[in-house]
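Asks: Here it is, the structure in full.
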Amino acid sequence: MAAVNLQEELIMAPFRWPEARHELALAKEVAQHSPEKPDEWDAVAKRLGKAFSTGSCSVELKGRGCREKMDRILTKYKEEDMKGLKSDAGTSGGATCDVSSSGSDEETPSKGIKRKEKYKERAKLKEKELEVRKMELDLQKQKYEDEAEERKLCSPCFENN
């Protein structure tokens, strides 16, 4: 009887993303479905929870947790990318010499593709940042216009006193 009560009271520990394959699966799901709304993130979490579950252990993910993990992955990626760009700027042609001296011509195209993907991703992020900033400015402009209109409407009230 005590064992039954103990099992009912057990609370599932939060999923900690223990392996890189979990992060890769999350990134693939996000790339494939591009979730934006909370219910879309919940759907991603449900699919990943089923994929990560085993016979002995079921995994329950939440959409918010998936979204926050993806945000942390992207933040880490951006920081590493900036560090890499800074170090590339400090060395003139170091990467080109390393590739040619290794004798492997296959590394050059894959690095070029990865770099191109990084730039595309960065461009998308910048576009989103600009869209958000534009929306903020439009809202601020509308607020100022509304306040100015309100002042115009209220100014006769103050002049009569």
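Chains: A, B, ... in order of the structure tokens. Residues: from 1 per chain. Ligands: from 1, in order shown.
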Can you pull out the residues contacting segment 40-55 of chain A? Cut-off 7 Å, using only C-alpha atoms, and skip same-chain residues under 6 positions away; I want them as a VMD selection string.
Replies: chain A and resid 29 61 to 64 66 to 67
Asks: Restricting the output to N, CA, C and O atoms, write the selected residues as an mmCIF file, in the first residue's frame.
Replies:
data_model
loop_
_atom_site.group_PDB
_atom_site.id
_atom_site.type_symbol
_atom_site.label_atom_id
_atom_site.label_comp_id
_atom_site.auth_asym_id
_atom_site.auth_seq_id
_atom_site.Cartn_x
_atom_site.Cartn_y
_atom_site.Cartn_z
ATOM 1 N N GLU A 29 13.276 19.804 -35.638
ATOM 2 C CA GLU A 29 11.830 20.044 -35.516
ATOM 3 C C GLU A 29 11.518 21.523 -35.716
ATOM 4 O O GLU A 29 10.567 21.873 -36.415
ATOM 5 N N LEU A 61 7.683 16.768 -22.309
ATOM 6 C CA LEU A 61 8.250 18.093 -22.558
ATOM 7 C C LEU A 61 7.134 19.122 -22.650
ATOM 8 O O LEU A 61 5.996 18.786 -22.973
ATOM 9 N N LYS A 62 7.495 20.347 -22.391
ATOM 10 C CA LYS A 62 6.543 21.446 -22.518
ATOM 11 C C LYS A 62 7.028 22.368 -23.633
ATOM 12 O O LYS A 62 8.224 22.490 -23.883
ATOM 13 N N GLY A 63 6.089 23.002 -24.290
ATOM 14 C CA GLY A 63 6.427 23.898 -25.392
ATOM 15 C C GLY A 63 7.341 25.022 -24.958
ATOM 16 O O GLY A 63 8.285 25.387 -25.652
ATOM 17 N N ARG A 64 7.076 25.567 -23.785
ATOM 18 C CA ARG A 64 7.905 26.668 -23.281
ATOM 19 C C ARG A 64 9.342 26.205 -23.072
ATOM 20 O O ARG A 64 10.291 26.924 -23.401
ATOM 21 N N CYS A 66 10.896 23.810 -24.639
ATOM 22 C CA CYS A 66 11.524 23.636 -25.952
ATOM 23 C C CYS A 66 11.921 24.992 -26.539
ATOM 24 O O CYS A 66 13.012 25.149 -27.074
ATOM 25 N N ARG A 67 11.020 25.967 -26.425
ATOM 26 C CA ARG A 67 11.313 27.302 -26.950
ATOM 27 C C ARG A 67 12.512 27.922 -26.241
ATOM 28 O O ARG A 67 13.422 28.463 -26.873
#
Asks: Just give me the gap between atom CA of Phe15 of chain A and atom CA of Val59 of chain A in Å, one decimal is fine.
Replies: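 Those two atoms sit 7.2 Å apart.
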Asks: Nearest to Thr75 of chain A: which of A:Pro35, A:Leu125, A:Arg115, A:Lys120 is it, counting only C-alpha atoms?
Replies: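 For Thr75 of chain A, the nearest of the candidates is A:Leu125.
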Asks: Please, what distance in Å, to one decimal, runs between atom CA of Lys69 of chain A and atom CA of Arg122 of chain A?
Replies: 18.6 Å
Asks: Excluding Met70 of chain A and its own-chain neighbours fewer than 4 positions away, which residues fall within 9 Å of it when counting only C-alpha atoms? Please give them as an MDAnalysis selection string.
Replies: chainID A and resid 23 26:27 30 65:66 74:75
Asks: For the residues selected in the previous step, produce a file with N, CA, C and O atoms as a compact mmCIF listing (two decimals), in the first residue's frame.
Replies:
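Saved to part-v1.txt:
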# COMPACT_ATOMS: atom_id res chain seq x y z
N GLU A 23 19.28 17.88 -28.63
CA GLU A 23 19.34 19.25 -29.15
C GLU A 23 19.21 19.27 -30.67
O GLU A 23 18.54 20.13 -31.23
N LEU A 26 15.63 18.69 -31.58
CA LEU A 26 14.88 19.93 -31.36
C LEU A 26 15.12 20.91 -32.50
O LEU A 26 14.17 21.49 -33.05
N ALA A 27 16.37 21.09 -32.87
CA ALA A 27 16.70 22.02 -33.95
C ALA A 27 16.05 21.59 -35.27
O ALA A 27 15.53 22.43 -36.02
N VAL A 30 12.31 22.38 -35.09
CA VAL A 30 12.08 23.82 -35.21
C VAL A 30 12.30 24.26 -36.65
O VAL A 30 11.52 25.06 -37.19
N GLY A 65 9.51 25.00 -22.52
CA GLY A 65 10.86 24.47 -22.31
C GLY A 65 11.61 24.29 -23.62
O GLY A 65 12.81 24.59 -23.71
N CYS A 66 10.90 23.81 -24.64
CA CYS A 66 11.52 23.64 -25.95
C CYS A 66 11.92 24.99 -26.54
O CYS A 66 13.01 25.15 -27.07
N LEU A 74 20.55 29.04 -29.73
CA LEU A 74 20.84 30.12 -30.68
C LEU A 74 21.73 31.19 -30.07
O LEU A 74 22.63 31.71 -30.73
N THR A 75 21.50 31.51 -28.80
CA THR A 75 22.34 32.51 -28.12
C THR A 75 23.77 32.02 -28.04
O THR A 75 24.72 32.76 -28.34
Asks: Please report the interatomic distance between atom CA of His22 of chain A and atom CA of Ile73 of chain A in Å with one decimal.
Replies: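 Between these atoms lies a distance of 11.8 Å.
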